$ cat start_35.tsv   # TSV, C-alpha atoms
chain	number	residue	atom	x	y	z
A	236	MET	CA	0.00	0.00	0.00
A	237	SER	CA	3.05	2.30	0.21
A	238	ASN	CA	2.72	3.13	-3.52
A	239	PHE	CA	-0.96	4.01	-3.18
A	240	SER	CA	-1.90	7.60	-4.00
A	241	LEU	CA	-5.36	9.05	-4.36
A	242	ASP	CA	-5.59	10.64	-7.80
A	243	GLU	CA	-8.09	11.04	-10.63
A	244	HIS	CA	-7.42	7.47	-11.77
A	245	ASN	CA	-8.58	5.74	-8.60
A	246	ALA	CA	-10.64	8.37	-6.75
A	247	LEU	CA	-13.87	6.99	-8.20
A	248	SER	CA	-12.89	3.44	-7.30
A	249	VAL	CA	-12.25	4.52	-3.72
A	250	LEU	CA	-15.56	6.42	-3.62
A	251	ALA	CA	-17.45	3.38	-4.95
A	252	VAL	CA	-15.83	1.01	-2.47
A	253	VAL	CA	-16.37	3.37	0.50
A	254	ALA	CA	-20.01	4.01	-0.45
A	255	ALA	CA	-20.68	0.30	-0.95
A	256	THR	CA	-18.98	-0.59	2.34
A	257	CYS	CA	-20.98	2.02	4.29
A	258	ALA	CA	-24.22	0.83	2.63
A	259	ALA	CA	-23.36	-2.78	3.44
A	260	LEU	CA	-22.64	-1.88	7.08
A	261	ILE	CA	-26.03	-0.15	7.41
A	262	VAL	CA	-27.88	-3.02	5.74
A	263	VAL	CA	-26.07	-5.74	7.72
A	264	GLY	CA	-26.64	-3.71	10.89
A	265	TYR	CA	-30.37	-3.66	10.14
A	266	LEU	CA	-30.43	-7.39	9.38
A	267	VAL	CA	-28.58	-8.24	12.59
A	268	LYS	CA	-30.20	-5.81	15.04
A	269	ARG	CA	-33.66	-5.71	13.46
A	270	PRO	CA	-34.69	-2.40	15.01
A	271	PRO	CA	-38.28	-1.14	14.91
A	272	LEU	CA	-39.16	0.63	11.65
A	273	ASP	CA	-39.35	4.10	13.16
A	274	ALA	CA	-38.34	7.36	11.51
A	275	VAL	CA	-34.64	6.91	12.33
A	276	THR	CA	-34.56	3.37	10.90
A	277	ARG	CA	-36.40	4.51	7.78
A	278	ARG	CA	-33.85	7.26	7.20
A	279	MET	CA	-30.95	4.90	7.81
A	280	LEU	CA	-32.41	2.39	5.35
A	281	PHE	CA	-33.00	5.17	2.83
A	282	VAL	CA	-29.30	6.01	3.04
A	283	GLY	CA	-28.28	2.33	3.00
A	284	LEU	CA	-30.61	1.22	0.21
A	285	CYS	CA	-30.75	4.35	-1.93
A	286	VAL	CA	-28.23	7.16	-1.42
A	287	LEU	CA	-25.08	5.09	-0.89
A	288	PRO	CA	-25.86	2.34	-3.45
A	289	ILE	CA	-26.61	5.01	-6.10
A	290	THR	CA	-23.31	6.72	-5.27
A	291	ALA	CA	-21.51	3.37	-5.51
A	292	ALA	CA	-23.29	2.48	-8.76
A	293	LEU	CA	-22.57	5.81	-10.46
A	294	SER	CA	-18.90	5.88	-9.51
A	295	ALA	CA	-18.51	2.17	-10.37
A	296	ASN	CA	-20.16	2.87	-13.75
A	297	VAL	CA	-17.72	5.65	-14.61
A	298	GLN	CA	-14.77	3.64	-13.32
A	299	GLY	CA	-15.98	0.60	-15.28
A	300	TYR	CA	-16.32	2.69	-18.41
A	301	LYS	CA	-12.76	3.97	-17.94
A	302	ALA	CA	-11.53	0.42	-17.35
A	303	THR	CA	-13.01	-0.70	-20.67
A	304	GLN	CA	-10.72	1.78	-22.44
A	305	GLN	CA	-7.51	0.25	-21.12
A	306	ARG	CA	-5.32	-2.14	-23.09
A	307	SER	CA	-5.25	-4.55	-20.14
A	308	PHE	CA	-9.05	-4.85	-20.46
A	309	CYS	CA	-8.81	-5.77	-24.16
A	310	ALA	CA	-5.99	-8.21	-23.39
A	311	SER	CA	-8.08	-10.03	-20.80
A	312	CYS	CA	-9.53	-12.04	-23.72
A	313	HIS	CA	-6.86	-14.55	-24.75
A	314	VAL	CA	-7.25	-13.88	-28.49
A	315	MET	CA	-6.05	-10.30	-27.90
A	316	ILE	CA	-2.93	-11.25	-25.93
A	317	PRO	CA	-0.57	-11.33	-28.98
A	318	HIS	CA	-1.77	-7.82	-29.97
A	319	ALA	CA	-1.24	-6.48	-26.46
A	320	ARG	CA	2.13	-8.22	-26.13
A	321	ASP	CA	3.31	-6.63	-29.36
A	322	ALA	CA	2.00	-3.22	-28.27
A	323	GLU	CA	3.91	-3.50	-25.00
A	324	ASP	CA	7.15	-4.63	-26.68
A	325	PRO	CA	9.62	-1.71	-26.47
A	326	ASN	CA	11.46	-3.04	-29.50
A	327	SER	CA	8.39	-3.42	-31.70
A	328	LYS	CA	8.03	-1.01	-34.61
A	329	SER	CA	4.38	-1.79	-35.33
A	330	LEU	CA	1.88	1.06	-35.35
A	331	ALA	CA	0.17	-0.37	-32.26
A	332	ALA	CA	3.47	-0.40	-30.36
A	333	ILE	CA	4.40	3.12	-31.48
A	334	HIS	CA	1.03	4.41	-30.25
A	335	ALA	CA	1.29	2.43	-27.01
A	336	ARG	CA	4.41	4.44	-26.18
A	337	ASN	CA	2.44	7.70	-26.33
A	338	ALA	CA	2.49	9.41	-22.95
A	339	TYR	CA	-1.08	10.71	-23.22
A	340	PHE	CA	-3.06	7.64	-24.28
A	341	GLY	CA	-0.49	4.82	-24.37
A	342	LYS	CA	-2.35	2.63	-21.85
A	343	ASP	CA	-5.60	3.18	-23.74
A	344	ASN	CA	-4.14	2.79	-27.23
A	345	CYS	CA	-6.62	0.09	-28.35
A	346	TYR	CA	-9.54	2.39	-27.59
A	347	ALA	CA	-7.79	5.50	-28.91
A	348	CYS	CA	-7.34	3.94	-32.36
A	349	HIS	CA	-10.41	1.68	-32.61
A	350	ALA	CA	-13.08	3.97	-31.13
A	351	ASP	CA	-15.56	5.42	-33.58
A	352	TYR	CA	-15.79	9.17	-33.51
A	353	GLY	CA	-18.69	11.51	-34.17
A	354	LEU	CA	-21.85	12.37	-32.28
A	355	PHE	CA	-22.71	8.81	-31.27
A	356	GLY	CA	-19.15	7.53	-31.44
A	357	THR	CA	-18.97	6.31	-27.86
A	358	VAL	CA	-22.33	4.55	-28.08
A	359	VAL	CA	-21.43	2.93	-31.41
A	360	THR	CA	-18.04	1.84	-30.01
A	361	LYS	CA	-19.61	0.32	-26.90
A	362	LEU	CA	-22.25	-1.51	-28.96
A	363	GLY	CA	-19.42	-2.89	-31.08
A	364	GLY	CA	-17.66	-3.91	-27.87
A	365	MET	CA	-20.77	-5.75	-26.70
A	366	ARG	CA	-20.75	-7.60	-30.01
A	367	HIS	CA	-17.12	-8.56	-29.38
A	368	VAL	CA	-17.98	-9.92	-25.93
A	369	TRP	CA	-20.91	-11.89	-27.34
A	370	LEU	CA	-18.78	-13.40	-30.13
A	371	TYR	CA	-15.99	-14.20	-27.69
A	372	VAL	CA	-18.31	-15.94	-25.23
A	373	THR	CA	-20.21	-17.87	-27.89
A	374	GLN	CA	-17.47	-18.66	-30.45
A	375	TYR	CA	-13.90	-17.75	-29.59
A	376	ARG	CA	-13.52	-18.47	-25.88
A	377	LYS	CA	-11.92	-21.87	-26.39
A	378	MET	CA	-10.36	-21.20	-29.79
A	379	PRO	CA	-6.58	-21.77	-29.96
A	380	LEU	CA	-4.54	-18.67	-30.80
A	381	ALA	CA	-3.28	-20.13	-34.09
A	382	GLU	CA	-6.86	-20.72	-35.23
A	383	ALA	CA	-7.99	-17.32	-33.92
A	384	ARG	CA	-5.27	-15.62	-35.96
A	385	GLU	CA	-6.70	-17.15	-39.12
A	386	LYS	CA	-10.38	-16.72	-38.36
A	387	ILE	CA	-10.80	-13.44	-36.47
A	388	HIS	CA	-10.82	-10.32	-38.61
A	389	LEU	CA	-12.12	-6.78	-38.39
A	390	VAL	CA	-15.81	-6.62	-39.20
A	391	LYS	CA	-15.10	-3.79	-41.67
A	392	PRO	CA	-11.91	-2.22	-43.06
A	393	TYR	CA	-10.15	0.09	-40.60
A	394	PRO	CA	-11.22	3.64	-41.53
A	395	ASN	CA	-8.49	6.21	-42.18
A	396	GLU	CA	-10.73	8.78	-40.47
A	397	ASN	CA	-9.67	7.27	-37.15
A	398	CYS	CA	-6.02	8.05	-37.95
A	399	MET	CA	-6.96	11.54	-39.11
A	400	GLN	CA	-8.50	12.44	-35.77
A	401	CYS	CA	-4.92	13.10	-34.65
A	402	HIS	CA	-2.92	13.07	-37.90
A	403	THR	CA	-4.43	15.72	-40.12
A	404	ALA	CA	-4.33	15.16	-43.86
A	405	THR	CA	-4.52	18.87	-44.67
A	406	ALA	CA	-1.39	20.25	-42.99
A	407	PRO	CA	1.41	21.47	-45.27
A	408	ARG	CA	3.82	19.06	-43.61
A	409	TRP	CA	1.60	16.11	-44.53
A	410	LEU	CA	1.02	17.42	-48.05
A	411	ALA	CA	4.74	18.00	-48.53
A	412	ILE	CA	5.26	14.23	-48.68
A	413	LYS	CA	4.93	13.14	-52.31
A	414	ASP	CA	3.34	9.77	-51.50
A	415	HIS	CA	0.66	11.55	-49.51
A	416	THR	CA	-0.27	13.99	-52.26
A	417	ALA	CA	-0.21	11.24	-54.90
A	418	ALA	CA	-2.52	9.00	-52.89
A	419	ARG	CA	-4.57	11.69	-51.14
A	420	GLU	CA	-7.86	10.95	-52.92
A	421	ASP	CA	-7.50	7.21	-52.34
A	422	VAL	CA	-6.58	7.77	-48.69
A	423	LEU	CA	-9.59	10.03	-48.11
A	424	ALA	CA	-11.85	7.51	-49.83
A	425	ASN	CA	-10.41	4.62	-47.77
A	426	ARG	CA	-9.21	2.86	-50.91
A	427	ILE	CA	-5.69	2.90	-49.47
A	428	SER	CA	-5.21	2.26	-45.75
A	429	CYS	CA	-2.68	4.29	-43.75
A	430	ALA	CA	-2.03	1.05	-41.84
A	431	SER	CA	-0.99	-1.08	-44.78
A	432	SER	CA	2.32	-2.58	-45.82
A	433	GLY	CA	2.92	-0.03	-48.57
A	434	CYS	CA	2.36	2.94	-46.24
A	435	HIS	CA	2.98	2.98	-42.49
A	436	GLY	CA	2.93	-0.77	-41.97
A	437	TRP	CA	0.45	-3.06	-40.29
A	438	ALA	CA	-0.85	-1.98	-36.93
A	439	HIS	CA	-0.75	-5.57	-35.68
A	440	PRO	CA	1.94	-7.53	-37.48
A	441	THR	CA	1.12	-10.63	-35.40
A	442	THR	CA	-1.87	-11.14	-37.67
A	443	LYS	CA	-0.23	-10.04	-40.94
A	444	GLY	CA	3.45	-10.75	-41.00
A	445	PRO	CA	6.60	-8.67	-40.59
A	446	VAL	CA	6.47	-4.88	-40.50
A	447	THR	CA	7.68	-3.50	-43.84
A	448	ALA	CA	7.32	0.24	-43.38
A	449	PRO	CA	7.92	3.08	-42.70
B	133	MET	CA	-38.53	-7.74	14.79
B	134	LYS	CA	-40.72	-5.28	16.70
B	135	PHE	CA	-42.63	-2.52	14.96
B	136	SER	CA	-44.49	-1.16	17.93
B	137	ALA	CA	-43.97	2.48	17.01
B	138	HIS	CA	-45.71	2.37	13.63
B	139	PRO	CA	-47.75	-0.77	13.03
B	140	ALA	CA	-48.29	-1.32	9.31
B	141	PRO	CA	-51.82	-0.63	8.16
B	142	HIS	CA	-51.70	-2.91	5.11
B	143	LEU	CA	-48.81	-5.35	5.38
B	144	PRO	CA	-48.67	-7.46	8.51
B	145	PRO	CA	-45.30	-7.02	10.28
B	146	THR	CA	-44.08	-10.48	9.32
B	147	ARG	CA	-44.64	-9.89	5.60
B	148	ARG	CA	-43.15	-6.40	5.75
B	149	ASP	CA	-40.23	-7.77	7.68
B	150	ARG	CA	-39.67	-10.42	5.03
B	151	VAL	CA	-39.88	-7.90	2.18
B	152	LEU	CA	-37.36	-5.62	3.88
B	153	ARG	CA	-35.03	-8.54	4.51
B	154	VAL	CA	-35.22	-9.51	0.83
B	155	ALA	CA	-34.48	-5.86	-0.08
B	156	CYS	CA	-31.43	-5.88	2.20
B	157	VAL	CA	-30.10	-9.16	0.78
B	158	LEU	CA	-30.67	-7.91	-2.79
B	159	ALA	CA	-28.82	-4.68	-1.93
B	160	LEU	CA	-25.85	-6.61	-0.50
B	161	LEU	CA	-25.64	-8.88	-3.56
B	162	GLY	CA	-26.05	-5.93	-5.92
B	163	LEU	CA	-23.34	-3.92	-4.17
B	164	ALA	CA	-20.97	-6.89	-4.28
B	165	LEU	CA	-21.53	-7.31	-8.02
B	166	MET	CA	-21.13	-3.58	-8.68
B	167	ILE	CA	-17.80	-3.51	-6.82
B	168	TRP	CA	-16.54	-6.76	-8.39
B	169	GLY	CA	-15.76	-4.94	-11.65
B	170	ILE	CA	-13.51	-2.47	-9.81
B	171	PHE	CA	-11.32	-5.21	-8.36
B	172	VAL	CA	-11.43	-7.43	-11.45
B	173	PRO	CA	-11.68	-5.04	-14.45
B	174	THR	CA	-12.40	-7.69	-17.10
B	175	PRO	CA	-15.46	-7.90	-19.41
B	176	MET	CA	-17.64	-10.30	-17.39
B	177	PRO	CA	-17.39	-8.64	-13.94
B	178	ILE	CA	-17.97	-5.19	-15.46
B	179	LEU	CA	-20.90	-6.35	-17.60
B	180	ILE	CA	-22.51	-8.28	-14.74
B	181	GLY	CA	-21.97	-5.36	-12.35
B	182	LEU	CA	-23.53	-2.88	-14.78
B	183	SER	CA	-26.54	-5.10	-15.52
B	184	VAL	CA	-27.37	-7.68	-12.84
B	185	GLY	CA	-25.79	-5.71	-10.01
B	186	GLN	CA	-27.69	-2.55	-10.78
B	187	ALA	CA	-30.94	-4.44	-11.40
B	188	MET	CA	-30.60	-5.98	-7.94
B	189	GLY	CA	-29.82	-2.61	-6.35
B	190	THR	CA	-32.81	-1.00	-8.06
B	191	SER	CA	-35.11	-3.88	-7.05
B	192	SER	CA	-34.00	-3.57	-3.44
B	193	PHE	CA	-34.78	0.15	-3.44
B	194	VAL	CA	-38.18	-0.44	-5.06
B	195	LEU	CA	-39.01	-3.05	-2.39
B	196	TYR	CA	-37.98	-0.58	0.30
B	197	LEU	CA	-40.21	2.10	-1.26
B	198	ILE	CA	-43.15	-0.34	-1.36
B	199	VAL	CA	-42.72	-1.13	2.33
B	200	LEU	CA	-42.30	2.54	3.14
B	201	ALA	CA	-45.35	3.59	1.14
B	202	THR	CA	-47.46	0.88	2.72
B	203	ASP	CA	-46.11	1.62	6.18
B	204	LEU	CA	-46.89	5.31	5.95
B	205	GLY	CA	-50.30	4.68	4.43
B	206	ILE	CA	-49.38	6.83	1.45
B	207	ARG	CA	-51.62	4.87	-0.90
B	208	LYS	CA	-54.61	5.38	1.36
B	209	LYS	CA	-53.88	9.11	1.63
B	210	LEU	CA	-53.56	9.43	-2.14
B	211	VAL	CA	-56.86	7.65	-2.71
B	212	ARG	CA	-58.50	9.87	-0.11
B	213	ALA	CA	-57.04	12.99	-1.74
B	214	GLY	CA	-58.28	11.83	-5.14
B	215	ARG	CA	-61.79	11.34	-3.80
B	216	THR	CA	-61.78	14.81	-2.20
B	217	GLU	CA	-60.72	16.40	-5.51
B	218	LYS	CA	-63.50	14.62	-7.42
B	219	SER	CA	-66.17	15.69	-4.95
$ encode --input "start_35.tsv" --output "structure tokens"
Amino acid sequence: MSNFSLDEHNALSVLAVVAATCAALIVVGYLVKRPPLDAVTRRMLFVGLCVLPITAALSANVQGYKATQQRSFCASCHVMIPHARDAEDPNSKSLAAIHARNAYFGKDNCYACHADYGLFGTVVTKLGGMRHVWLYVTQYRKMPLAEAREKIHLVKPYPNENCMQCHTATAPRWLAIKDHTAAREDVLANRISCASSGCHGWAHPTTKGPVTAP
Amino acid sequence: MKFSAHPAPHLPPTRRDRVLRVACVLALLGLALMIWGIFVPTPMPILIGLSVGQAMGTSSFVLYLIVLATDLGIRKKLVRAGRTEKS
């Protein structure tokens, strides 16, 4: 516990656990002591069955949502372990590994690159995540990694728009690169993927083969 | 359990007692499931906490409200108020 520090990353977890513990103490106290249902008991039960559980639920929801963005969450399904291992490899030159070394979103790099953007981006991403969980539980849970590598693919081609959320395709520096200007229309139309062997290399070479670029 | 201070007008004490006990047990189970996802942040604990855990917590609160409403005779008062308005 010497390394423990209360910050924005675990404050909600602490709040949820404290609220749940206090609620549990009140409820267990009621079950054990069985006091008469007078005004004081009613108020105590209101706190123990409503106020504190709602506090615990809300903070656990937010914390759970944040947990689903972390690479460790994605890697908790065995078919994602090779991807996560490559992303965490300091010697890897894959796009996933390069992004995992980013100080701002490195630990959340799966979500940062695979999340849909736009007005309903978060909802769409989470619905897609639910689909992943369903497919994993019903089809891939016992699938060997070698078989998973062959069978599991993206449901649709990776959109370049996701790359362009951070890497603009309109800046002079980007346009100054001849390959970019030559392929600009195809890149914008998703006919050429930024994450392909002819461009910046595969994001996850474990499923494709060796990294060939940049 | 003794409810000498406010005897229930509709639910006999034993039934009310049972309902409240069920509410408390549901709350404890719901809280445990909600917190499970914090200690084990993997898909199943988080999904179960967000769905089953919260359903249990909500059910426990609804049961508590039912007991409370019955105990305070709120339903009777509302019916009486409705009749007064109509007349």
$ atom_distance --input "start_35.tsv" --atom1 "CA of Gly341 (chain A)" --atom2 "CA of Trp168 (chain B)"
25.4 Å
$ closest_atom_pairs --input "start_35.tsv" --of "chain A" --to "chain B" --cutoff "10 Å" --atoms "all atoms listed in the file" --output "tab-separated table"
residue	atom	partner	partner_atom	distance
A:Asn245	CA	B:Ile170	CA	9.7
A:Leu247	CA	B:Ile170	CA	9.6
A:Ser248	CA	B:Ile170	CA	6.5
A:Val249	CA	B:Ile170	CA	9.4
A:Ala251	CA	B:Ile167	CA	7.1
A:Val252	CA	B:Ile167	CA	6.6
A:Ala254	CA	B:Leu163	CA	9.4
A:Ala255	CA	B:Leu163	CA	5.9
A:Thr256	CA	B:Leu163	CA	8.5
A:Ala258	CA	B:Leu160	CA	8.2
A:Ala259	CA	B:Leu160	CA	6.0
A:Leu260	CA	B:Leu160	CA	9.5
A:Ile261	CA	B:Cys156	CA	9.4
A:Val262	CA	B:Cys156	CA	5.8
A:Val263	CA	B:Cys156	CA	7.7
A:Tyr265	CA	B:Cys156	CA	8.3
A:Leu266	CA	B:Arg153	CA	6.8
A:Lys268	CA	B:Met133	CA	8.6
A:Arg269	CA	B:Met133	CA	5.4
A:Pro270	CA	B:Met133	CA	6.6
A:Pro271	CA	B:Phe135	CA	4.6
A:Leu272	CA	B:Phe135	CA	5.7
A:Asp273	CA	B:Ala137	CA	6.2
A:Ala274	CA	B:His138	CA	9.1
A:Arg277	CA	B:Leu200	CA	7.8
A:Leu280	CA	B:Tyr196	CA	8.1
A:Phe281	CA	B:Tyr196	CA	8.0
A:Gly283	CA	B:Ala159	CA	8.6
A:Leu284	CA	B:Phe193	CA	5.6
A:Cys285	CA	B:Phe193	CA	6.0
A:Val286	CA	B:Phe193	CA	9.8
A:Leu287	CA	B:Leu163	CA	9.7
A:Pro288	CA	B:Leu163	CA	6.8
A:Ile289	CA	B:Gly189	CA	8.3
A:Ala291	CA	B:Leu163	CA	7.6
A:Ala292	CA	B:Met166	CA	6.4
A:Leu293	CA	B:Met166	CA	9.7
A:Ser294	CA	B:Met166	CA	9.8
A:Ala295	CA	B:Met166	CA	6.5
A:Asn296	CA	B:Leu182	CA	6.7
A:Gln298	CA	B:Ile170	CA	7.2
A:Gly299	CA	B:Ile178	CA	6.1
A:Tyr300	CA	B:Ile178	CA	8.6
A:Lys301	CA	B:Pro173	CA	9.7
A:Ala302	CA	B:Pro173	CA	6.2
A:Thr303	CA	B:Pro173	CA	7.7
A:Gln305	CA	B:Pro173	CA	9.5
A:Ser307	CA	B:Thr174	CA	8.4
A:Phe308	CA	B:Thr174	CA	5.5
A:Cys309	CA	B:Thr174	CA	8.1
A:Ala310	CA	B:Thr174	CA	9.0
A:Ser311	CA	B:Thr174	CA	6.2
A:Cys312	CA	B:Pro175	CA	8.4
A:Gly364	CA	B:Pro175	CA	9.6
A:Met365	CA	B:Leu179	CA	9.1
A:Val368	CA	B:Pro175	CA	7.3
A:Val372	CA	B:Met176	CA	9.7
$ residues_around --input "start_35.tsv" --residues "region 347-352 of chain A" --least-positions-apart "4" --cutoff "12 Å" --atoms "only C-alpha atoms" --output "compact mmCIF listing (two decimals) with C-alpha atoms, in the coordinates of the input"
# COMPACT_ATOMS: atom_id res chain seq x y z
CA THR A 303 -13.01 -0.70 -20.67
CA GLN A 304 -10.72 1.78 -22.44
CA GLN A 305 -7.51 0.25 -21.12
CA ARG A 306 -5.32 -2.14 -23.09
CA CYS A 309 -8.81 -5.77 -24.16
CA LEU A 330 1.88 1.06 -35.35
CA ALA A 331 0.17 -0.37 -32.26
CA ALA A 332 3.47 -0.40 -30.36
CA ILE A 333 4.40 3.12 -31.48
CA HIS A 334 1.03 4.41 -30.25
CA ALA A 335 1.29 2.43 -27.01
CA ASN A 337 2.44 7.70 -26.33
CA TYR A 339 -1.08 10.71 -23.22
CA PHE A 340 -3.06 7.64 -24.28
CA GLY A 341 -0.49 4.82 -24.37
CA LYS A 342 -2.35 2.63 -21.85
CA ASP A 343 -5.60 3.18 -23.74
CA GLY A 356 -19.15 7.53 -31.44
CA THR A 357 -18.97 6.31 -27.86
CA VAL A 358 -22.33 4.55 -28.08
CA VAL A 359 -21.43 2.93 -31.41
CA THR A 360 -18.04 1.84 -30.01
CA LYS A 361 -19.61 0.32 -26.90
CA LEU A 362 -22.25 -1.51 -28.96
CA GLY A 363 -19.42 -2.89 -31.08
CA GLY A 364 -17.66 -3.91 -27.87
CA LEU A 389 -12.12 -6.78 -38.39
CA VAL A 390 -15.81 -6.62 -39.20
CA LYS A 391 -15.10 -3.79 -41.67
CA PRO A 392 -11.91 -2.22 -43.06
CA TYR A 393 -10.15 0.09 -40.60
CA PRO A 394 -11.22 3.64 -41.53
CA ASN A 395 -8.49 6.21 -42.18
CA GLU A 396 -10.73 8.78 -40.47
CA ASN A 397 -9.67 7.27 -37.15
CA CYS A 398 -6.02 8.05 -37.95
CA MET A 399 -6.96 11.54 -39.11
CA GLN A 400 -8.50 12.44 -35.77
CA CYS A 401 -4.92 13.10 -34.65
CA HIS A 402 -2.92 13.07 -37.90
CA ALA A 430 -2.03 1.05 -41.84
CA ALA A 438 -0.85 -1.98 -36.93
$ atom_distance --input "start_35.tsv" --atom1 "CA of Leu423 (chain A)" --atom2 "CA of Thr405 (chain A)"
10.8 Å
$ atom_distance --input "start_35.tsv" --atom1 "CA of Trp369 (chain A)" --atom2 "CA of Ser428 (chain A)"
28.0 Å
$ axis_aligned_box --input "start_35.tsv" --around "region 209-215 of chain B" --padding-each-side "6 Å" --output "lines of an AutoDock Vina configuration file"
center_x = -57.7
center_y = 10.3
center_z = -1.8
size_x = 20.2
size_y = 17.3
size_z = 18.8
$ residues_near_point --input "start_35.tsv" --point "(-0.3, -11.6, -34.4)" --cutoff "7 Å" --atoms "all atoms listed in the file" --output "list of chain:residue names"
A:Pro317, A:His318, A:Arg384, A:His439, A:Pro440, A:Thr441, A:Thr442, A:Lys443
$ residues_around --input "start_35.tsv" --residues "Tyr375 (chain A)" --least-positions-apart "3" --cutoff "12 Å" --atoms "all atoms listed in the file" --output "PyMOL selection string"
chain A and resi 312-315+367-372+378-387
$ decode --input "start_35.tsv" --residues "region 269-303 of chain A" --atoms "C-alpha atoms" --output "mmCIF file, in the first residue's frame"
data_model
loop_
_atom_site.group_PDB
_atom_site.id
_atom_site.type_symbol
_atom_site.label_atom_id
_atom_site.label_comp_id
_atom_site.auth_asym_id
_atom_site.auth_seq_id
_atom_site.Cartn_x
_atom_site.Cartn_y
_atom_site.Cartn_z
ATOM 1 C CA ARG A 269 -33.662 -5.709 13.460
ATOM 2 C CA PRO A 270 -34.686 -2.404 15.015
ATOM 3 C CA PRO A 271 -38.279 -1.137 14.905
ATOM 4 C CA LEU A 272 -39.160 0.630 11.654
ATOM 5 C CA ASP A 273 -39.348 4.096 13.156
ATOM 6 C CA ALA A 274 -38.338 7.364 11.513
ATOM 7 C CA VAL A 275 -34.642 6.910 12.334
ATOM 8 C CA THR A 276 -34.556 3.368 10.899
ATOM 9 C CA ARG A 277 -36.400 4.509 7.779
ATOM 10 C CA ARG A 278 -33.849 7.259 7.201
ATOM 11 C CA MET A 279 -30.950 4.900 7.809
ATOM 12 C CA LEU A 280 -32.408 2.390 5.353
ATOM 13 C CA PHE A 281 -33.000 5.174 2.827
ATOM 14 C CA VAL A 282 -29.301 6.014 3.035
ATOM 15 C CA GLY A 283 -28.279 2.332 2.998
ATOM 16 C CA LEU A 284 -30.615 1.215 0.209
ATOM 17 C CA CYS A 285 -30.747 4.349 -1.934
ATOM 18 C CA VAL A 286 -28.228 7.163 -1.424
ATOM 19 C CA LEU A 287 -25.077 5.093 -0.888
ATOM 20 C CA PRO A 288 -25.862 2.339 -3.453
ATOM 21 C CA ILE A 289 -26.613 5.008 -6.099
ATOM 22 C CA THR A 290 -23.309 6.718 -5.266
ATOM 23 C CA ALA A 291 -21.509 3.374 -5.511
ATOM 24 C CA ALA A 292 -23.290 2.482 -8.763
ATOM 25 C CA LEU A 293 -22.569 5.814 -10.464
ATOM 26 C CA SER A 294 -18.898 5.880 -9.511
ATOM 27 C CA ALA A 295 -18.509 2.172 -10.371
ATOM 28 C CA ASN A 296 -20.156 2.872 -13.751
ATOM 29 C CA VAL A 297 -17.723 5.645 -14.608
ATOM 30 C CA GLN A 298 -14.771 3.636 -13.320
ATOM 31 C CA GLY A 299 -15.980 0.599 -15.281
ATOM 32 C CA TYR A 300 -16.316 2.694 -18.408
ATOM 33 C CA LYS A 301 -12.761 3.968 -17.944
ATOM 34 C CA ALA A 302 -11.526 0.417 -17.347
ATOM 35 C CA THR A 303 -13.012 -0.703 -20.670
#
